[in-house]
>>> print(open('structure_39.pdb').read())   # PDB, C-alpha atoms, pLDDT in the B column
MODEL        1
ATOM      1  CA  MET A  22     -13.731  10.439  -4.096  1.00 54.00           C
ATOM      2  CA  SER A  23     -16.054   7.407  -4.046  1.00 64.00           C
ATOM      3  CA  ARG A  24     -16.196   7.286  -7.857  1.00 73.00           C
ATOM      4  CA  LEU A  25     -12.389   7.395  -7.944  1.00 67.00           C
ATOM      5  CA  LEU A  26     -12.289   4.604  -5.366  1.00 69.00           C
ATOM      6  CA  ASP A  27     -14.585   2.460  -7.526  1.00 77.00           C
ATOM      7  CA  ILE A  28     -12.209   2.913 -10.464  1.00 75.00           C
ATOM      8  CA  ALA A  29      -9.163   2.308  -8.252  1.00 73.00           C
ATOM      9  CA  LYS A  30     -10.631  -1.039  -7.183  1.00 76.00           C
ATOM     10  CA  LEU A  31     -10.566  -2.162 -10.805  1.00 79.00           C
ATOM     11  CA  LEU A  32      -7.030  -0.982 -11.542  1.00 78.00           C
ATOM     12  CA  LEU A  33      -4.942  -1.188  -8.381  1.00 78.00           C
ATOM     13  CA  PRO A  34      -3.836  -4.039  -6.106  1.00 77.00           C
ATOM     14  CA  GLU A  35      -6.796  -5.252  -4.042  1.00 76.00           C
ATOM     15  CA  VAL A  36      -4.806  -5.263  -0.795  1.00 78.00           C
ATOM     16  CA  LEU A  37      -4.256  -1.508  -1.132  1.00 81.00           C
ATOM     17  CA  VAL A  38      -7.833  -0.604  -1.912  1.00 81.00           C
ATOM     18  CA  ASP A  39      -9.188  -2.774   0.933  1.00 81.00           C
ATOM     19  CA  ASN A  40      -6.689  -1.912   3.687  1.00 85.00           C
ATOM     20  CA  PHE A  41      -5.476   1.586   2.879  1.00 89.00           C
ATOM     21  CA  LYS A  42      -7.180   4.930   2.413  1.00 91.00           C
ATOM     22  CA  LEU A  43      -6.652   6.603  -0.946  1.00 89.00           C
ATOM     23  CA  THR A  44      -5.755  10.095   0.240  1.00 91.00           C
ATOM     24  CA  LYS A  45      -4.717  11.781  -2.990  1.00 91.00           C
ATOM     25  CA  HIS A  46      -4.025  11.219  -6.676  1.00 89.00           C
ATOM     26  CA  GLU A  47      -2.068  13.258  -9.204  1.00 93.00           C
ATOM     27  CA  ILE A  48      -1.347  13.185 -12.912  1.00 92.00           C
ATOM     28  CA  LYS A  49       2.143  14.456 -13.746  1.00 91.00           C
ATOM     29  CA  GLN A  50       2.993  14.414 -17.472  1.00 90.00           C
ATOM     30  CA  ASP A  51       3.259  10.677 -18.275  1.00 92.00           C
ATOM     31  CA  GLU A  52       2.790   9.479 -14.690  1.00 94.00           C
ATOM     32  CA  LEU A  53      -0.114   8.655 -12.393  1.00 92.00           C
ATOM     33  CA  HIS A  54       0.538   8.929  -8.658  1.00 94.00           C
ATOM     34  CA  PHE A  55      -1.747   7.382  -6.041  1.00 91.00           C
ATOM     35  CA  TYR A  56      -1.217   8.081  -2.328  1.00 94.00           C
ATOM     36  CA  PHE A  57      -2.341   5.553   0.288  1.00 92.00           C
ATOM     37  CA  THR A  58      -2.301   5.542   4.111  1.00 94.00           C
ATOM     38  CA  GLU A  59      -2.866   2.308   6.025  1.00 90.00           C
ATOM     39  CA  LEU A  60      -6.144   2.194   7.943  1.00 92.00           C
ATOM     40  CA  ASN A  61      -5.997   2.033  11.741  1.00 91.00           C
ATOM     41  CA  ASN A  62      -7.281  -1.544  11.896  1.00 87.00           C
ATOM     42  CA  VAL A  63      -5.433  -3.622  14.478  1.00 85.00           C
ATOM     43  CA  PRO A  64      -4.113  -6.926  13.063  1.00 81.00           C
ATOM     44  CA  ILE A  65      -6.481  -9.807  13.925  1.00 82.00           C
ATOM     45  CA  GLU A  66      -3.746 -11.769  15.690  1.00 82.00           C
ATOM     46  CA  TYR A  67      -3.387  -8.862  18.175  1.00 84.00           C
ATOM     47  CA  LYS A  68      -7.092  -8.223  18.912  1.00 85.00           C
ATOM     48  CA  ALA A  69      -6.709  -9.530  22.481  1.00 88.00           C
ATOM     49  CA  VAL A  70      -3.608  -7.391  23.139  1.00 88.00           C
ATOM     50  CA  LYS A  71      -3.594  -3.719  24.119  1.00 91.00           C
ATOM     51  CA  LEU A  72      -1.995  -1.849  21.235  1.00 91.00           C
ATOM     52  CA  SER A  73      -1.546   1.864  20.785  1.00 90.00           C
ATOM     53  CA  SER A  74      -1.012   3.588  17.471  1.00 88.00           C
ATOM     54  CA  LYS A  75       2.560   4.834  17.168  1.00 90.00           C
ATOM     55  CA  GLY A  76       2.470   6.701  13.925  1.00 92.00           C
ATOM     56  CA  PHE A  77       3.730   5.714  10.523  1.00 94.00           C
ATOM     57  CA  PHE A  78       6.766   4.525   8.627  1.00 90.00           C
ATOM     58  CA  PRO A  79       8.225   6.879   6.014  1.00 93.00           C
ATOM     59  CA  GLU A  80       6.415   6.815   2.688  1.00 93.00           C
ATOM     60  CA  ALA A  81       7.470   4.075   0.265  1.00 87.00           C
ATOM     61  CA  THR A  82       7.031   4.498  -3.475  1.00 89.00           C
ATOM     62  CA  VAL A  83       6.590   1.484  -5.746  1.00 86.00           C
ATOM     63  CA  GLN A  84       5.822   1.155  -9.430  1.00 84.00           C
ATOM     64  CA  ASP A  85       2.759  -0.740 -10.630  1.00 84.00           C
ATOM     65  CA  PHE A  86       1.342  -1.713 -14.039  1.00 81.00           C
ATOM     66  CA  PRO A  87       1.217   1.177 -16.519  1.00 84.00           C
ATOM     67  CA  ILE A  88      -2.262   2.488 -17.309  1.00 85.00           C
ATOM     68  CA  ARG A  89      -2.992   3.910 -20.764  1.00 85.00           C
ATOM     69  CA  GLY A  90       0.714   4.420 -21.439  1.00 89.00           C
ATOM     70  CA  LYS A  91       1.310   6.257 -18.174  1.00 91.00           C
ATOM     71  CA  ASN A  92       3.670   4.947 -15.510  1.00 91.00           C
ATOM     72  CA  VAL A  93       1.859   4.297 -12.227  1.00 89.00           C
ATOM     73  CA  TYR A  94       3.463   5.019  -8.865  1.00 92.00           C
ATOM     74  CA  LEU A  95       1.937   4.006  -5.555  1.00 89.00           C
ATOM     75  CA  HIS A  96       2.960   6.088  -2.545  1.00 93.00           C
ATOM     76  CA  ILE A  97       2.289   3.965   0.523  1.00 89.00           C
ATOM     77  CA  ILE A  98       2.387   4.972   4.175  1.00 92.00           C
ATOM     78  CA  ARG A  99       2.274   2.013   6.556  1.00 88.00           C
ATOM     79  CA  ARG A 100       1.105   2.192  10.167  1.00 92.00           C
ATOM     80  CA  ARG A 101       2.785   0.858  13.300  1.00 92.00           C
ATOM     81  CA  TRP A 102       1.456   0.033  16.762  1.00 92.00           C
ATOM     82  CA  LEU A 103       3.107  -0.469  20.142  1.00 93.00           C
ATOM     83  CA  ASN A 104       2.286  -3.591  22.144  1.00 92.00           C
ATOM     84  CA  GLU A 105       1.702  -2.036  25.577  1.00 91.00           C
ATOM     85  CA  SER A 106       2.741  -5.171  27.515  1.00 91.00           C
ATOM     86  CA  THR A 107       5.902  -6.141  25.582  1.00 93.00           C
ATOM     87  CA  LYS A 108       6.812  -2.649  24.310  1.00 93.00           C
ATOM     88  CA  LYS A 109       7.479  -4.162  20.863  1.00 92.00           C
ATOM     89  CA  VAL A 110       6.465  -2.414  17.672  1.00 91.00           C
ATOM     90  CA  ILE A 111       3.821  -4.300  15.680  1.00 86.00           C
ATOM     91  CA  THR A 112       3.404  -3.929  11.911  1.00 85.00           C
ATOM     92  CA  ARG A 113       1.839  -5.852   9.069  1.00 78.00           C
ATOM     93  CA  ASP A 114       3.929  -7.366   6.287  1.00 71.00           C
ATOM     94  CA  TRP A 115       1.759  -6.653   3.274  1.00 66.00           C
ATOM     95  CA  GLN A 116       4.181  -8.215   0.737  1.00 62.00           C
ATOM     96  CA  LEU A 117       3.337  -5.369  -1.624  1.00 53.00           C
ATOM     97  CA  VAL A 118       6.793  -5.097  -3.177  1.00 52.00           C
ATOM     98  CA  ALA A 119       8.577  -7.857  -5.057  1.00 48.00           C
ATOM     99  CA  LYS A 120      11.782  -8.840  -3.268  1.00 54.00           C
ATOM    100  CA  GLY A 121      14.795  -6.886  -4.510  1.00 52.00           C
ATOM    101  CA  THR A 122      12.691  -4.422  -6.536  1.00 49.00           C
ATOM    102  CA  ARG A 123      10.652  -1.257  -6.192  1.00 49.00           C
ATOM    103  CA  ILE A 124       7.694  -2.650  -8.162  1.00 49.00           C
ATOM    104  CA  THR A 125       4.562  -4.417  -6.975  1.00 59.00           C
ATOM    105  CA  SER A 126       4.639  -8.203  -6.663  1.00 62.00           C
ATOM    106  CA  GLU A 127       1.892  -8.535  -9.288  1.00 63.00           C
ATOM    107  CA  PHE A 128       3.788  -6.364 -11.764  1.00 55.00           C
ATOM    108  CA  ALA A 129       7.029  -8.304 -11.145  1.00 57.00           C
ATOM    109  CA  THR A 130       5.245 -11.608 -11.803  1.00 63.00           C
ATOM    110  CA  PHE A 131       3.779 -10.217 -15.016  1.00 56.00           C
ATOM    111  CA  LEU A 132       7.189  -9.005 -16.231  1.00 54.00           C
ATOM    112  CA  LYS A 133       8.797 -12.334 -15.337  1.00 61.00           C
ATOM    113  CA  ASP A 134       6.092 -14.243 -17.278  1.00 64.00           C
ATOM    114  CA  ILE A 135       6.513 -12.209 -20.460  1.00 56.00           C
ATOM    115  CA  SER A 136      10.317 -12.323 -20.489  1.00 57.00           C
TER     116      SER A 136
ENDMDL
END
>>> encode(input="structure_39.pdb", output="structure tokens")
Amino acid sequence: MSRLLDIAKLLLPEVLVDNFKLTKHEIKQDELHFYFTELNNVPIEYKAVKLSSKGFFPEATVQDFPIRGKNVYLHIIRRRWLNESTKKVITRDWQLVAKGTRITSEFATFLKDIS
């Protein structure tokens, strides 16, 4: 998997490769599917607060840049924590998806620039 991770670092959004675990990949006809799960790293702004892991959000699927003529889909599972003192759910806002779309922000910017 480490060789795949090295290649993924070159092709996929950096925020995913650095903060999520690549758990699986599949090739289905003309599509590449990459599956990511957020690492259990507490957000820096909450290091002094007692948080407990409270599972995950449902999987989100977003489209990224095509690779070698194949559509690329990123399946992302984000983590959530519970602030033990306030009982509020804590999450990160990764800004992975362009507003109003189901494609990555980088891909949306690229499409906007070429249109």
>>> resolve_selection(input="structure_39.pdb", expression="the PyMOL selection byres ((chain A and resi 44-51) around 10)", output="list in words")
Met22, Leu25, Phe41, Lys42, Leu43, Glu52, Leu53, His54, Phe55, Tyr56, Phe57, Thr58, Pro87, Ile88, Arg89, Gly90, Lys91, Asn92, Val93, Tyr94, Leu95 and His96 of chain A
>>> write_last_selection(input="structure_39.pdb", atoms="C-alpha atoms", output="mmCIF file, keeping the file's coordinate frame")
data_model
loop_
_atom_site.group_PDB
_atom_site.id
_atom_site.type_symbol
_atom_site.label_atom_id
_atom_site.label_comp_id
_atom_site.auth_asym_id
_atom_site.auth_seq_id
_atom_site.Cartn_x
_atom_site.Cartn_y
_atom_site.Cartn_z
ATOM 1 C CA MET A 22 -13.731 10.439 -4.096
ATOM 2 C CA LEU A 25 -12.389 7.395 -7.944
ATOM 3 C CA PHE A 41 -5.476 1.586 2.879
ATOM 4 C CA LYS A 42 -7.180 4.930 2.413
ATOM 5 C CA LEU A 43 -6.652 6.603 -0.946
ATOM 6 C CA GLU A 52 2.790 9.479 -14.690
ATOM 7 C CA LEU A 53 -0.114 8.655 -12.393
ATOM 8 C CA HIS A 54 0.538 8.929 -8.658
ATOM 9 C CA PHE A 55 -1.747 7.382 -6.041
ATOM 10 C CA TYR A 56 -1.217 8.081 -2.328
ATOM 11 C CA PHE A 57 -2.341 5.553 0.288
ATOM 12 C CA THR A 58 -2.301 5.542 4.111
ATOM 13 C CA PRO A 87 1.217 1.177 -16.519
ATOM 14 C CA ILE A 88 -2.262 2.488 -17.309
ATOM 15 C CA ARG A 89 -2.992 3.910 -20.764
ATOM 16 C CA GLY A 90 0.714 4.420 -21.439
ATOM 17 C CA LYS A 91 1.310 6.257 -18.174
ATOM 18 C CA ASN A 92 3.670 4.947 -15.510
ATOM 19 C CA VAL A 93 1.859 4.297 -12.227
ATOM 20 C CA TYR A 94 3.463 5.019 -8.865
ATOM 21 C CA LEU A 95 1.937 4.006 -5.555
ATOM 22 C CA HIS A 96 2.960 6.088 -2.545
#
>>> residues_around(input="structure_39.pdb", residues="region 63-78 of chain A", least_positions_apart="2", cutoff="6 Å", atoms="all atoms listed in the file", output="PyMOL selection string")
chain A and resi 99-105
>>> atom_distance(input="structure_39.pdb", atom1="CA of Gln84 (chain A)", atom2="CA of Arg24 (chain A)")
22.9 Å
>>> atom_distance(input="structure_39.pdb", atom1="CA of Asn40 (chain A)", atom2="CA of Pro79 (chain A)")
17.5 Å
>>> resolve_selection(input="structure_39.pdb", expression="the PyMOL selection byres ((chain A and resi 81) around 8)", output="compact mmCIF listing (two decimals) with C-alpha atoms, in the frame of the given file")
# COMPACT_ATOMS: atom_id res chain seq x y z
CA PRO A 79 8.22 6.88 6.01
CA GLU A 80 6.42 6.82 2.69
CA THR A 82 7.03 4.50 -3.48
CA VAL A 83 6.59 1.48 -5.75
CA HIS A 96 2.96 6.09 -2.54
CA ILE A 97 2.29 3.96 0.52
CA ILE A 98 2.39 4.97 4.18
>>> axis_aligned_box(input="structure_39.pdb", around="region 90-101 of chain A", padding_each_side="8 Å", output="lines of an AutoDock Vina configuration file")
center_x = 2.2
center_y = 3.6
center_z = -4.1
size_x = 19.0
size_y = 21.4
size_z = 50.7
>>> closest_residue(input="structure_39.pdb", among="A:Asp85, A:Glu59, A:Arg113, A:Ser106", to="Leu37 (chain A)", atoms="all atoms listed in the file")
A:Glu59
